[in-house]
Amino acid sequence: MADKLQFDLVSPEARVFSGPVDMVVVPGTEGDFGVLPAHAPFMATIRTGAIEVHNDGSVRRIFIHGGFAEVTPQGLTILAEETADLATLDAADLRNRLEEAKLQAKDAADEGARERAEAEIAKIEAMQAAMSVSAH
């Protein structure tokens with residue numbers, strides 16, 4: 001097992017992933033970084049985007065929004081505010097959600113509502129961008 005990295009991805013709703021993997025590429029706020037077995041310990045904040053979980057020649061891409069990553073001698077743990085498996089997202093549903101968020105931003109009753117709608121727009125656009133990378 002020494003040649004594998006223990007990886008845990010946790011969101012407020014559930015443990016999204018837990019198990020040994022070859023490598024994880026994480027979108028950090030200061031740039032993407034890869035974590036391999038026996039990586040030096042550190043912590044980093046993550047930016048909205050997709051993590052890549054490499055294992056036995058396959059790559060699983062999972063969208064993450066907000067949170068942080070911690071590398072310890074035991075492995076990598078990512079605590080994310082929100083996650084979505086890119087393989088299960090529906091492009092038409094995202095387009096509909098984006099249009100709804102744009103309407104909410106346009107019709108916002110106050111600055112707070114407009115800011116929340118704009119944050120949702122940015123998150124959905126990031127999901128769409130991550131999906132388009134997955135399609136290639």
# chains A, B, ... in the order shown; residues from 1 in each chain; ligands from 1
>>> residues_around(residues="Phe33 of chain A", least_positions_apart="6", cutoff="10 Å", atoms="only C-alpha atoms", output="short mmCIF file (atom, residue, chain, number, x, y, z; two decimals) with N, CA and C atoms, in the first residue's frame")
data_model
loop_
_atom_site.label_atom_id
_atom_site.label_comp_id
_atom_site.auth_asym_id
_atom_site.auth_seq_id
_atom_site.Cartn_x
_atom_site.Cartn_y
_atom_site.Cartn_z
N VAL A 24 -3.49 12.70 -6.99
CA VAL A 24 -4.61 13.63 -7.10
C VAL A 24 -4.04 14.98 -7.51
N VAL A 25 -4.64 15.60 -8.54
CA VAL A 25 -4.27 16.95 -8.95
C VAL A 25 -5.37 17.88 -8.44
N VAL A 26 -4.96 18.91 -7.70
CA VAL A 26 -5.88 19.80 -7.00
C VAL A 26 -5.74 21.23 -7.52
N PRO A 27 -6.87 21.91 -7.78
CA PRO A 27 -6.79 23.32 -8.16
C PRO A 27 -6.62 24.20 -6.92
N ALA A 44 -3.49 23.90 1.89
CA ALA A 44 -3.72 24.89 0.85
C ALA A 44 -5.21 25.13 0.70
N ILE A 51 -10.91 18.52 -9.51
CA ILE A 51 -9.78 17.71 -9.10
C ILE A 51 -9.71 16.53 -10.05
#
>>> residues_around(residues="segment 114-116 of chain A", least_positions_apart="5", cutoff="12 Å", atoms="only C-alpha atoms", output="PyMOL selection string")
chain A and resi 101-109+121-123
>>> write_last_selection(atoms="C-alpha atoms", output="tab-separated table (two decimals), in the first residue's frame")
chain	number	residue	atom	x	y	z
A	101	ALA	CA	-29.24	32.67	-11.98
A	102	LYS	CA	-28.82	35.42	-14.59
A	103	LEU	CA	-32.50	36.34	-14.22
A	104	GLN	CA	-32.12	36.40	-10.45
A	105	ALA	CA	-29.11	38.71	-10.75
A	106	LYS	CA	-30.99	41.02	-13.13
A	107	ASP	CA	-34.12	41.11	-10.95
A	108	ALA	CA	-32.35	41.21	-7.57
A	109	ALA	CA	-34.19	43.27	-4.97
A	121	ILE	CA	-23.39	32.33	-12.07
A	122	ALA	CA	-19.62	32.09	-11.54
A	123	LYS	CA	-19.93	28.62	-10.00
>>> atom_distance(atom1="atom CA of Glu13 of chain A", atom2="atom CA of Thr83 of chain A")
9.4 Å
>>> residues_around(residues="His65 of chain A", least_positions_apart="5", cutoff="8 Å", atoms="only C-alpha atoms", output="PyMOL selection string")
chain A and resi 46-49+80-83+123
>>> closest_residue(among="A:Met23, A:His39, A:Val10, A:Ala92", to="Phe68 of chain A", atoms="only C-alpha atoms")
A:Val10
>>> select_by_dssp(residues="segment 45-120 of chain A", states="strand (DSSP E)", output="NGL selection string")
:A and (45 or 49-55 or 58-72 or 75-85)
